[in-house]
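**Q** Pasting upload_25.txt here (compact mmCIF, C-alpha atoms):
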```txt
# COMPACT_ATOMS: atom_id res chain seq x y z
CA GLN J 1 -78.19 -78.35 -72.46
CA LYS J 2 -75.71 -76.43 -70.37
CA PRO J 3 -72.04 -77.34 -70.68
CA LYS J 4 -70.40 -78.93 -67.62
CA LEU J 5 -67.36 -77.39 -66.06
CA LYS J 6 -64.36 -79.57 -65.50
CA ILE J 7 -61.99 -79.20 -62.52
CA THR J 8 -58.46 -79.14 -63.87
CA HIS J 9 -56.61 -78.92 -60.49
CA GLU J 10 -57.23 -80.15 -57.03
CA THR J 11 -59.19 -77.89 -54.73
CA PRO J 12 -57.15 -76.75 -51.67
CA SER J 13 -58.28 -78.04 -48.35
CA LEU J 14 -59.95 -75.49 -46.23
CA THR J 15 -59.04 -77.26 -43.01
CA ASP J 16 -55.29 -77.14 -43.68
CA PRO J 17 -54.08 -73.52 -43.49
CA THR J 18 -50.76 -74.35 -45.11
CA GLN J 19 -52.62 -75.15 -48.32
CA ASN J 20 -54.11 -71.64 -48.41
CA PRO J 21 -52.24 -69.40 -50.92
CA TYR J 22 -52.81 -66.38 -48.64
CA PHE J 23 -51.26 -68.07 -45.59
CA ASP J 24 -48.48 -66.08 -43.79
CA PRO J 25 -46.01 -68.38 -42.05
CA SER J 26 -44.80 -65.54 -39.72
CA LEU J 27 -48.18 -65.64 -38.04
CA THR J 28 -47.99 -69.33 -37.24
CA ARG J 29 -47.17 -68.78 -33.55
CA ARG J 30 -50.14 -66.52 -33.14
CA THR J 31 -52.56 -68.77 -35.01
CA HIS J 32 -51.43 -72.18 -33.76
CA GLY J 33 -51.51 -73.03 -30.12
CA PRO J 34 -51.60 -70.72 -27.13
CA GLN J 35 -49.79 -67.36 -27.40
CA THR J 36 -46.39 -67.25 -25.65
CA ARG J 37 -44.93 -64.16 -23.88
CA ARG J 38 -41.65 -62.56 -24.91
CA ARG J 39 -38.78 -63.41 -22.64
CA HIS J 40 -37.02 -60.50 -20.96
CA LYS J 41 -33.22 -60.16 -21.09
CA GLN J 42 -31.36 -61.04 -17.92
CA PHE J 43 -29.14 -58.59 -16.00
CA HIS J 44 -25.40 -58.90 -16.59
CA PHE J 45 -23.52 -57.17 -13.75
CA ALA J 46 -20.00 -55.86 -14.44
CA GLU J 47 -17.18 -57.18 -12.37
CA PRO J 48 -15.81 -54.76 -9.69
CA GLY J 49 -12.93 -52.69 -11.10
CA GLN J 50 -13.64 -53.53 -14.74
CA TYR J 51 -14.15 -49.93 -15.94
CA VAL J 52 -11.42 -48.59 -13.64
CA GLU J 53 -8.99 -50.99 -15.30
CA GLN J 54 -10.09 -49.81 -18.75
CA ALA J 55 -9.62 -46.15 -17.75
CA GLU J 56 -6.14 -46.81 -16.33
CA ARG J 57 -5.20 -48.61 -19.52
CA LYS J 58 -6.30 -45.64 -21.63
CA ARG J 59 -4.43 -43.17 -19.41
CA ALA J 60 -1.26 -45.25 -19.67
CA GLU J 61 -1.58 -45.26 -23.45
CA ALA J 62 -2.08 -41.47 -23.49
CA ARG J 63 1.00 -40.92 -21.26
CA MET J 64 3.03 -43.18 -23.53
CA GLU J 65 1.96 -41.17 -26.61
CA GLN J 66 2.84 -37.88 -24.88
CA LEU J 67 6.25 -39.22 -23.86
CA LYS J 68 6.96 -40.34 -27.41
CA GLN J 69 5.98 -36.88 -28.72
CA GLU J 70 8.27 -35.10 -26.21
CA ILE J 71 11.19 -37.36 -27.13
CA ALA J 72 10.61 -36.62 -30.82
CA GLU J 73 10.48 -32.83 -30.16
CA ARG J 74 13.72 -32.93 -28.15
CA ALA J 75 15.43 -34.90 -30.86
CA GLU J 76 14.29 -32.36 -33.45
CA LEU J 77 15.49 -29.47 -31.27
CA ALA J 78 18.88 -31.13 -30.76
CA ARG J 79 19.19 -31.64 -34.50
CA LEU J 80 18.43 -27.95 -35.16
CA GLU J 81 20.98 -26.85 -32.53
CA ASP J 82 23.62 -29.03 -34.16
CA GLU J 83 22.87 -27.38 -37.48
CA VAL J 84 23.08 -23.87 -35.95
CA LEU J 85 26.33 -24.61 -34.14
CA ASP J 86 27.87 -26.05 -37.24
CA ALA J 87 30.82 -23.86 -38.16
CA SER J 88 30.07 -24.20 -41.85
CA ALA J 89 26.62 -22.67 -41.33
CA ILE J 90 27.91 -19.48 -39.66
CA GLN J 91 28.27 -16.55 -42.02
CA PHE J 92 30.27 -13.55 -40.88
CA VAL J 93 28.92 -10.15 -41.92
CA GLU J 94 31.56 -7.84 -43.26
CA PRO J 95 31.81 -4.52 -41.38
CA PRO J 96 30.64 -1.43 -43.28
CA GLN J 97 33.09 1.03 -44.69
CA VAL J 98 31.72 3.80 -42.42
CA GLU J 99 29.66 3.35 -39.28
CA TRP J 100 26.33 5.18 -39.23
CA TRP J 101 27.31 7.34 -36.25
CA ASP J 102 30.45 8.58 -38.06
CA ALA J 103 28.89 9.16 -41.49
CA PRO J 104 27.44 12.68 -40.74
CA PHE J 105 30.91 13.94 -39.71
CA LEU J 106 32.74 12.75 -42.86
CA SER J 107 32.70 14.40 -46.26
CA GLU J 108 32.78 11.02 -48.07
CA ALA J 109 31.83 7.45 -47.25
CA SER J 110 35.30 6.44 -46.05
CA TYR J 111 37.43 7.09 -42.98
CA GLY J 112 40.25 8.45 -45.11
CA SER J 113 38.21 11.51 -46.17
CA ASP J 114 38.32 14.90 -44.45
CA ALA J 115 36.22 15.54 -41.36
CA LYS J 116 33.21 17.82 -41.85
CA LEU J 117 33.38 19.88 -38.66
CA GLU J 118 32.60 23.37 -40.01
CA GLY J 119 30.08 24.83 -42.39
CA PRO J 120 26.31 25.25 -42.54
CA ASP J 121 25.73 21.52 -43.18
CA SER J 122 27.92 20.36 -40.28
CA LEU J 123 26.46 18.96 -37.09
CA CYS J 124 29.13 20.67 -34.95
CA THR J 125 27.90 24.04 -33.67
CA ILE J 126 28.73 26.41 -30.86
CA TYR J 127 25.63 25.35 -28.95
CA ILE J 128 25.52 22.73 -26.24
CA GLN J 129 22.78 20.15 -26.43
CA HIS J 130 21.13 19.40 -23.11
CA PRO J 131 19.49 15.98 -23.31
CA VAL J 132 16.15 15.42 -21.66
CA PRO J 133 16.81 13.73 -18.29
CA ILE J 134 15.24 10.27 -17.97
CA GLU J 135 14.15 9.08 -14.57
CA PRO J 136 16.04 5.93 -13.51
CA PRO J 137 14.18 2.83 -12.32
CA LEU J 138 12.74 2.90 -8.84
CA ALA J 139 15.23 0.36 -7.48
CA ILE J 140 18.18 2.53 -8.58
CA ARG J 141 16.58 5.83 -7.58
CA SER J 142 15.57 4.67 -4.12
CA GLN J 143 18.94 2.95 -3.44
CA GLY J 144 17.55 0.68 -0.80
CA VAL J 145 14.93 3.11 0.50
CA ALA J 146 11.41 1.72 0.66
CA PRO J 147 9.15 2.91 -2.19
CA ALA J 148 6.74 5.72 -1.52
CA GLN J 149 3.31 4.79 -0.25
CA LEU J 150 0.52 4.66 -2.82
CA ILE J 151 -1.46 7.90 -2.74
CA LEU J 152 -5.20 7.31 -2.96
CA THR J 153 -7.84 9.75 -4.11
CA HIS J 154 -10.49 11.19 -1.83
CA LYS J 155 -13.18 8.83 -3.16
CA GLU J 156 -10.92 5.79 -2.74
CA ARG J 157 -10.13 6.74 0.88
CA LYS J 158 -13.85 7.16 1.62
CA LYS J 159 -14.60 3.78 0.04
CA ILE J 160 -11.91 1.99 2.07
CA ARG J 161 -13.09 3.67 5.29
CA ARG J 162 -16.70 2.70 4.57
CA GLN J 163 -15.76 -0.92 3.91
CA ARG J 164 -13.65 -1.10 7.08
CA ARG J 165 -16.45 0.31 9.24
CA LEU J 166 -18.99 -2.11 7.72
CA GLU J 167 -16.67 -5.02 8.50
CA GLN J 168 -16.28 -3.85 12.11
CA GLN J 169 -20.04 -3.49 12.51
CA ARG J 170 -20.59 -6.97 11.04
CA GLU J 171 -18.09 -8.53 13.46
CA ARG J 172 -19.67 -6.78 16.44
CA ARG J 173 -23.15 -7.85 15.34
CA GLU J 174 -22.03 -11.46 15.09
CA LYS J 175 -20.47 -11.34 18.57
CA VAL J 176 -23.71 -9.91 19.98
CA MET J 177 -25.69 -12.74 18.32
CA LEU J 178 -23.34 -15.32 19.85
CA GLY J 179 -23.65 -13.75 23.30
CA LEU J 180 -20.01 -12.66 23.53
CA LEU J 181 -20.91 -8.97 23.84
CA PRO J 182 -23.93 -7.29 25.42
CA PRO J 183 -26.33 -5.65 22.97
CA GLU J 184 -25.96 -1.91 22.56
CA PRO J 185 -28.71 0.23 24.07
CA PRO J 186 -30.84 2.16 21.58
CA LYS J 187 -29.35 5.49 20.53
CA LEU J 188 -31.99 7.93 21.68
CA LYS J 189 -32.29 11.28 19.95
CA MET J 190 -34.90 13.99 19.91
CA SER J 191 -35.94 12.93 16.43
CA ASN J 192 -36.47 9.22 17.12
CA PHE J 193 -37.17 8.64 20.83
CA MET J 194 -40.95 8.62 20.24
CA GLN J 195 -40.62 5.81 17.67
CA ILE J 196 -38.33 3.80 19.95
CA MET J 197 -40.58 4.19 23.00
CA ALA J 198 -43.81 3.69 21.05
CA ASN J 199 -44.45 0.20 22.48
CA GLU J 200 -43.73 1.26 26.07
CA SER J 201 -45.86 3.30 28.36
CA VAL J 202 -44.29 6.64 29.26
CA PRO J 203 -45.77 8.00 32.50
CA ASP J 204 -43.55 11.11 32.50
CA PRO J 205 -42.69 12.44 28.99
CA THR J 206 -40.75 15.38 30.45
CA LYS J 207 -38.45 13.07 32.37
CA LEU J 208 -37.93 10.96 29.26
CA GLU J 209 -37.01 14.04 27.21
CA ALA J 210 -34.49 15.09 29.86
CA GLU J 211 -32.95 11.60 29.77
CA VAL J 212 -32.65 11.80 25.96
CA ARG J 213 -30.92 15.18 26.18
CA ARG J 214 -28.57 13.85 28.86
CA GLN J 215 -27.55 10.91 26.64
CA MET J 216 -26.99 13.24 23.68
CA GLN J 217 -24.78 15.50 25.79
CA ALA J 218 -22.83 12.49 27.12
CA ARG J 219 -22.15 11.25 23.58
CA GLN J 220 -20.98 14.71 22.50
CA THR J 221 -18.70 15.02 25.53
CA LYS J 222 -17.19 11.57 24.91
CA HIS J 223 -16.61 12.42 21.25
CA GLU J 224 -14.78 15.66 22.09
CA ALA J 225 -12.71 13.93 24.80
CA ASP J 226 -11.60 11.21 22.35
CA ASN J 227 -10.59 13.84 19.79
CA LYS J 228 -8.66 15.77 22.41
CA ALA J 229 -6.86 12.61 23.56
CA ARG J 230 -5.76 11.86 20.00
CA LYS J 231 -4.68 15.42 19.29
CA LEU J 232 -0.92 15.97 19.14
CA THR J 233 0.72 18.54 21.35
CA LYS J 234 2.73 21.42 19.96
CA GLU J 235 6.02 19.63 20.62
CA GLN J 236 4.73 16.40 19.03
CA ARG J 237 3.62 18.30 15.92
CA HIS J 238 7.05 19.89 15.55
CA GLU J 239 8.74 16.52 16.02
CA LYS J 240 6.48 14.94 13.41
CA ILE J 241 7.20 17.71 10.88
CA GLU J 242 10.96 17.52 11.52
CA ALA J 243 10.96 13.73 11.14
CA LYS J 244 9.03 13.99 7.89
CA THR J 245 11.38 16.68 6.56
CA LYS J 246 14.44 14.65 7.54
CA ALA J 247 13.08 11.56 5.76
CA ASP J 248 12.39 13.63 2.61
CA GLU J 249 15.91 15.06 2.70
CA GLU J 250 17.45 11.60 3.02
CA ALA J 251 15.51 10.49 -0.04
CA CYS J 252 16.43 13.51 -2.19
CA LEU J 253 18.28 16.75 -1.36
CA MET J 254 17.69 19.56 -3.87
CA ARG J 255 19.17 23.00 -4.52
CA ALA J 256 17.60 25.89 -6.43
CA VAL J 257 19.24 29.19 -7.48
CA PHE J 258 17.18 32.31 -8.31
CA ARG J 259 18.26 35.54 -9.98
CA ILE J 260 16.31 38.71 -9.10
CA ASN J 261 16.86 42.05 -10.75
CA LYS J 262 16.28 44.01 -7.53
CA LEU J 263 15.70 42.74 -3.99
CA GLU J 264 15.07 45.98 -2.11
CA HIS J 265 11.44 46.02 -0.98
CA PRO J 266 11.01 45.15 2.74
CA GLN J 267 8.07 42.83 2.04
CA HIS J 268 10.13 40.96 -0.56
CA TRP J 269 12.92 40.51 1.98
CA HIS J 270 10.47 39.28 4.60
CA LYS J 271 8.73 36.73 2.31
CA VAL J 272 11.99 35.35 0.95
CA THR J 273 13.57 34.91 4.39
CA VAL J 274 10.64 33.84 6.56
CA ASN J 275 9.27 31.28 4.09
CA ALA J 276 12.70 29.71 3.63
CA ARG J 277 13.11 29.27 7.39
CA GLN J 278 9.57 27.94 7.82
CA MET J 279 10.19 25.33 5.10
CA HIS J 280 13.42 24.20 6.82
CA LEU J 281 15.55 25.43 3.91
CA THR J 282 19.14 26.59 4.19
CA GLY J 283 20.92 29.01 1.90
CA THR J 284 21.40 32.71 1.44
CA ALA J 285 19.86 35.82 -0.10
CA ILE J 286 22.38 38.38 -1.37
CA SER J 287 21.34 41.81 -2.59
CA CYS J 288 23.76 43.88 -4.64
CA PRO J 289 22.51 47.42 -5.48
CA THR J 290 25.03 47.80 -8.30
CA GLY J 291 24.02 44.59 -10.05
CA PHE J 292 21.44 41.89 -9.38
CA SER J 293 20.34 39.81 -6.39
CA LEU J 294 20.86 36.10 -5.81
CA VAL J 295 18.83 33.62 -3.71
CA VAL J 296 20.09 30.08 -3.03
CA VAL J 297 18.02 27.49 -1.15
CA GLU J 298 18.72 23.87 -0.18
CA GLY J 299 16.34 21.29 1.25
CA SER J 300 13.96 18.45 0.45
CA ALA J 301 12.43 18.20 -3.00
CA LYS J 302 8.93 18.92 -1.67
CA ASN J 303 9.95 22.11 0.18
CA VAL J 304 12.10 23.35 -2.71
CA LYS J 305 9.16 22.89 -5.08
CA ALA J 306 6.90 24.91 -2.76
CA TYR J 307 9.55 27.63 -2.52
CA LYS J 308 9.80 27.80 -6.32
CA LYS J 309 6.05 28.46 -6.48
CA LEU J 310 6.52 31.26 -3.96
CA MET J 311 9.35 32.90 -5.89
CA LEU J 312 7.99 32.48 -9.43
CA ARG J 313 4.22 32.78 -8.95
CA ARG J 314 3.06 34.15 -5.64
CA ILE J 315 5.36 37.13 -5.02
CA ASP J 316 4.61 40.28 -7.02
CA TRP J 317 8.12 41.57 -7.74
CA THR J 318 6.80 44.74 -9.40
CA MET J 319 5.19 46.01 -6.15
CA SER J 320 6.95 49.24 -5.17
CA GLN J 321 4.75 50.59 -2.32
CA ASN J 322 5.49 49.87 1.32
CA ASP J 323 3.08 49.64 4.27
CA GLN J 324 2.89 53.44 4.63
CA GLY J 325 1.88 53.84 0.97
CA SER J 326 5.07 55.58 -0.15
CA VAL J 327 6.89 54.47 -3.30
CA THR J 328 10.41 53.17 -2.65
CA ASN J 329 11.89 52.62 -6.13
CA ASP J 330 10.69 51.89 -9.63
CA LEU J 331 10.26 48.09 -9.84
CA THR J 332 8.25 47.94 -13.05
CA ASN J 333 10.73 45.66 -14.86
CA ASN J 334 11.70 43.65 -11.79
CA GLU J 335 11.71 39.89 -12.46
CA CYS J 336 12.75 36.62 -10.80
CA HIS J 337 14.21 33.70 -12.79
CA LEU J 338 15.23 30.17 -11.86
CA ILE J 339 18.74 29.74 -13.27
CA TRP J 340 19.67 26.33 -11.84
CA GLN J 341 18.16 23.40 -9.94
CA GLY J 342 19.35 19.89 -9.24
CA GLU J 343 20.24 17.26 -6.68
CA ILE J 344 23.19 17.64 -4.30
CA ASP J 345 24.88 15.19 -1.96
CA LYS J 346 25.00 17.43 1.14
CA ARG J 347 24.16 20.95 2.29
CA LYS J 348 26.63 23.79 1.76
CA PHE J 349 24.86 26.25 4.11
CA ARG J 350 24.04 25.73 7.79
CA GLN J 351 21.07 28.11 7.89
CA PHE J 352 19.33 30.75 5.78
CA LYS J 353 20.85 34.23 6.03
CA GLN J 354 20.42 37.49 4.13
CA HIS J 355 23.22 39.83 3.14
CA THR J 356 23.52 43.20 1.45
CA SER J 357 26.81 43.67 -0.37
CA ALA J 358 28.11 46.90 -1.78
CA SER J 359 29.98 45.22 -4.66
CA GLU J 360 30.22 41.94 -6.54
CA THR J 361 33.53 41.13 -4.85
CA GLN J 362 31.92 41.20 -1.43
CA ALA J 363 29.04 39.05 -2.67
CA LYS J 364 31.49 36.46 -4.00
CA LYS J 365 33.25 36.40 -0.63
CA TRP J 366 29.97 35.52 1.08
CA LEU J 367 29.44 32.66 -1.36
CA MET J 368 33.05 31.54 -1.12
CA ARG J 369 32.53 30.67 2.55
CA ALA J 370 30.09 27.97 1.42
CA LYS J 371 32.27 27.01 -1.59
CA SER J 372 29.56 28.20 -3.96
CA ASP J 373 31.17 31.28 -5.54
CA GLU J 374 30.58 29.83 -9.02
CA LEU J 375 26.85 30.51 -8.62
CA TRP J 376 27.45 34.28 -8.89
CA GLN J 377 29.22 33.87 -12.22
CA LEU J 378 26.40 31.56 -13.40
CA ALA J 379 23.80 34.17 -12.49
CA LYS J 380 25.83 36.93 -14.15
CA GLN J 381 25.99 35.03 -17.46
CA TYR J 382 22.31 34.07 -17.39
CA ASP J 383 20.21 35.46 -20.23
CA PRO J 384 16.41 35.15 -19.74
CA ASN J 385 15.84 35.59 -23.50
CA ASP J 386 17.99 32.57 -24.41
CA SER J 387 15.68 29.60 -25.03
CA ILE J 388 18.51 27.09 -24.56
CA THR J 389 19.56 28.14 -21.08
CA ALA J 390 16.00 28.84 -19.89
CA LEU J 391 14.72 26.16 -17.52
CA ASP J 392 11.25 24.76 -16.99
CA PRO J 393 10.88 25.48 -13.26
CA PHE J 394 8.15 22.89 -12.62
CA ALA J 395 9.36 20.10 -14.91
```
Go ahead and express the file in the form of structure tokens.

**A**
Amino acid sequence: QKPKLKITHETPSLTDPTQNPYFDPSLTRRTHGPQTRRRHKQFHFAEPGQYVEQAERKRAEARMEQLKQEIAERAELARLEDEVLDASAIQFVEPPQVEWWDAPFLSEASYGSDAKLEGPDSLCTIYIQHPVPIEPPLAIRSQGVAPAQLILTHKERKKIRRQRRLEQQRERREKVMLGLLPPEPPKLKMSNFMQIMANESVPDPTKLEAEVRRQMQARQTKHEADNKARKLTKEQRHEKIEAKTKADEEACLMRAVFRINKLEHPQHWHKVTVNARQMHLTGTAISCPTGFSLVVVEGSAKNVKAYKKLMLRRIDWTMSQNDQGSVTNDLTNNECHLIWQGEIDKRKFRQFKQHTSASETQAKKWLMRAKSDELWQLAKQYDPNDSITALDPFA
């Protein structure tokens, strides 16, 4: 006989889901009754000016913080200035026993010692130190004169001209498009008139070629006439050169003094005199057979610089043959030196003249008329082998 099983607990009801041990209460809405849809959130519109008010409030707070920081910085700066200006904080530095610029001239480190003015270790010598000249600022150098115009290179001038012409062409093209100007006729040439007239019937090619040549000749004639109209006359050219030279002289008036061993050759005389007059220079050229020769020129800085190149580079002072081929004198060791150059306030000579003096006394008399007799003594004492007195002519 089989044993009978006993039921120790009550069997859950299958009709009641809540009695099921595997029942999930979160699924009640889906399992009981009809399924409901999820409600959507409603729109909440901001009031007009709400965010503007918030932004203004933040900006006001930022300005207040910045103002507080500036006040704190000023207070700190005022406190530091009070500390600096406090008399107790100032410390006076005691002067040295010997200043640094006096120490090399004293034998000991005190002003009561003997001065060290002689000897091999002394800074005092028989030589004169010529400091390197420093150009002053433009405002002082010009003294109210307008600054010089900027000098452009050849490529820069071409670039500016090309840009200006392109701008003019663009403006004219725009005016033609707007109907303000009539369109330009085609520029006929022998190389392009067939391409231009390709879409047109040409009954007489010979007549068309003659018309093209006539237009080419008219353009050439107009071009030459415009150039001739712009060309300055001889008087206008001279006036322009004189005005330019006068402006250069007002800006800076220079003088240069040259010492020549012998000034006897006719070509040398001609080059020295004619070039000085052509460059609008005044001065004198004095030849002394018993000694040396002296050339003094005055004028604008540009012309004086060109004259220095003539005297020191271009003229061959050792040439001793004249136009007929005969030898005048031995000029093998003949040389030309620049002994002085500098700015002057006004001219001492009215024009450029040449003189031949028989003695040094007569040469000094010529210079004394222009109150420049000291130049002869300067040239007489000049030593070309002395490196201290030698000048850089193109510095």

**Q** Taking all atoms listed in the file into account, which of J:His355, J:Lys348, J:Met279, J:Met194 comes nearest Lys371 of chain J?

**A**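 So, comparing all the options, the nearest one is J:Lys348.
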
**Q** I'd like the neighbourhood of Arg350 of chain J as a VMD selection string, where a residue qualifies if any of its atoms comes within 10 Å (using all atoms listed in the file), though same-chain residues fewer than 4 positions away should be ignored.

**A** chain J and resid 281 to 284 298 370

**Q** Counting all atoms listed in the file, write as a list in words all protein and nucleic acid residues lying at most 9 Å from (32.6, 6.1, -44.5) in the file's frame.

**A** Pro96, Gln97, Val98, Glu99, Trp100, Asp102, Ala103, Leu106, Ser107, Glu108, Ala109, Ser110, Tyr111, Gly112 and Ser113 of chain J

**Q** Between J:Arg259, J:Ile344, J:His268, J:Cys336, which is the closest to Leu378 of chain J once you count all atoms listed in the file?

**A**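 Using all atoms listed in the file, the shortest distance to Leu378 of chain J belongs to J:Arg259.
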
**Q** Can you measure atom CA of Asn261 of chain J to atom CA of Met311 of chain J for me? One decimal in Å is fine.

**A**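 Separation of atom CA of Asn261 of chain J and atom CA of Met311 of chain J: 12.8 Å.
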
**Q** Considering all atoms listed in the file, return as a ChimeraX atom specification whatever protein or nucleic-acid residues lie within 7 Å of Ala358 of chain J, sequence-local ones (same chain, fewer than 3 positions apart) excluded.

**A** /J:288-289,362

**Q** In Å, with one decimal, what is the gap from atom CA of Glu360 of chain J to atom CA of Val257 of chain J?

**A**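 Atom-to-atom, atom CA of Glu360 of chain J and atom CA of Val257 of chain J are spaced 16.9 Å apart.
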
**Q** Can you tell me how far atom CA of Ala285 of chain J sits from atom CA of Gln351 of chain J, in Å to one decimal?

**A**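 Distance reported for this atom pair: 11.2 Å.
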
**Q** Given the choices J:His280, J:Trp317, J:His265, J:Leu166, which gets closest to Phe349 of chain J if the distance is worked out from only C-alpha atoms?

**A**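 Closest to Phe349 of chain J of all the choices is J:His280.
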
**Q** Which residue gives the smallest distance to Arg347 of chain J among J:Asp386, J:Glu56, J:Glu250, J:Glu264, with all atoms listed in the file counted?

**A** J:Glu250

**Q** Missing atoms in segment 366-373 of chain J: fill them in up to all heavy atoms and send the result as an mmCIF file, in the frame of the given file.

**A**
```cif
data_model
loop_
_atom_site.group_PDB
_atom_site.id
_atom_site.type_symbol
_atom_site.label_atom_id
_atom_site.label_comp_id
_atom_site.auth_asym_id
_atom_site.auth_seq_id
_atom_site.Cartn_x
_atom_site.Cartn_y
_atom_site.Cartn_z
ATOM 1 N N TRP J 366 30.995 36.200 0.287
ATOM 2 C CA TRP J 366 29.970 35.520 1.080
ATOM 3 C C TRP J 366 29.722 34.107 0.553
ATOM 4 O O TRP J 366 29.562 33.160 1.325
ATOM 5 C CB TRP J 366 28.664 36.331 1.031
ATOM 6 C CG TRP J 366 28.665 37.566 1.881
ATOM 7 C CD1 TRP J 366 28.649 38.857 1.454
ATOM 8 C CD2 TRP J 366 28.674 37.628 3.307
ATOM 9 N NE1 TRP J 366 28.658 39.732 2.503
ATOM 10 C CE2 TRP J 366 28.665 38.993 3.683
ATOM 11 C CE3 TRP J 366 28.700 36.677 4.316
ATOM 12 C CZ2 TRP J 366 28.667 39.425 5.003
ATOM 13 C CZ3 TRP J 366 28.699 37.094 5.635
ATOM 14 C CH2 TRP J 366 28.693 38.451 5.965
ATOM 15 N N LEU J 367 29.679 33.978 -0.783
ATOM 16 C CA LEU J 367 29.440 32.660 -1.360
ATOM 17 C C LEU J 367 30.650 31.749 -1.240
ATOM 18 O O LEU J 367 30.522 30.520 -1.189
ATOM 19 C CB LEU J 367 29.051 32.800 -2.842
ATOM 20 C CG LEU J 367 27.695 33.467 -3.115
ATOM 21 C CD1 LEU J 367 27.509 33.702 -4.606
ATOM 22 C CD2 LEU J 367 26.554 32.609 -2.575
ATOM 23 N N MET J 368 31.839 32.341 -1.199
ATOM 24 C CA MET J 368 33.050 31.540 -1.120
ATOM 25 C C MET J 368 33.139 30.803 0.224
ATOM 26 O O MET J 368 33.761 29.740 0.328
ATOM 27 C CB MET J 368 34.282 32.418 -1.333
ATOM 28 C CG MET J 368 35.556 31.655 -1.656
ATOM 29 S SD MET J 368 36.926 32.783 -2.015
ATOM 30 C CE MET J 368 36.291 33.632 -3.460
ATOM 31 N N ARG J 369 32.523 31.347 1.259
ATOM 32 C CA ARG J 369 32.530 30.670 2.550
ATOM 33 C C ARG J 369 31.815 29.315 2.480
ATOM 34 O O ARG J 369 32.173 28.382 3.197
ATOM 35 C CB ARG J 369 31.851 31.546 3.604
ATOM 36 C CG ARG J 369 32.590 32.850 3.888
ATOM 37 C CD ARG J 369 31.864 33.650 4.948
ATOM 38 N NE ARG J 369 32.559 34.906 5.255
ATOM 39 C CZ ARG J 369 32.144 35.798 6.139
ATOM 40 N NH1 ARG J 369 30.998 35.559 6.830
ATOM 41 N NH2 ARG J 369 32.809 36.919 6.358
ATOM 42 N N ALA J 370 30.817 29.233 1.603
ATOM 43 C CA ALA J 370 30.090 27.970 1.420
ATOM 44 C C ALA J 370 30.579 27.210 0.188
ATOM 45 O O ALA J 370 29.933 26.245 -0.217
ATOM 46 C CB ALA J 370 28.590 28.235 1.297
ATOM 47 N N LYS J 371 31.707 27.652 -0.402
ATOM 48 C CA LYS J 371 32.270 27.010 -1.590
ATOM 49 C C LYS J 371 31.252 26.964 -2.734
ATOM 50 O O LYS J 371 31.111 25.961 -3.437
ATOM 51 C CB LYS J 371 32.743 25.597 -1.263
ATOM 52 C CG LYS J 371 33.836 25.544 -0.214
ATOM 53 C CD LYS J 371 34.275 24.116 0.073
ATOM 54 C CE LYS J 371 35.359 24.088 1.152
ATOM 55 N NZ LYS J 371 35.801 22.698 1.452
ATOM 56 N N SER J 372 30.565 28.093 -2.905
ATOM 57 C CA SER J 372 29.560 28.200 -3.960
ATOM 58 C C SER J 372 29.710 29.501 -4.723
ATOM 59 O O SER J 372 28.731 30.089 -5.194
ATOM 60 C CB SER J 372 28.141 28.103 -3.360
ATOM 61 O OG SER J 372 27.967 26.908 -2.649
ATOM 62 N N ASP J 373 30.970 30.012 -4.846
ATOM 63 C CA ASP J 373 31.170 31.280 -5.540
ATOM 64 C C ASP J 373 30.896 31.179 -7.024
ATOM 65 O O ASP J 373 30.700 32.201 -7.701
ATOM 66 C CB ASP J 373 32.605 31.765 -5.297
ATOM 67 C CG ASP J 373 33.621 30.675 -5.629
ATOM 68 O OD1 ASP J 373 33.279 29.495 -5.457
ATOM 69 O OD2 ASP J 373 34.734 31.005 -6.082
#
```
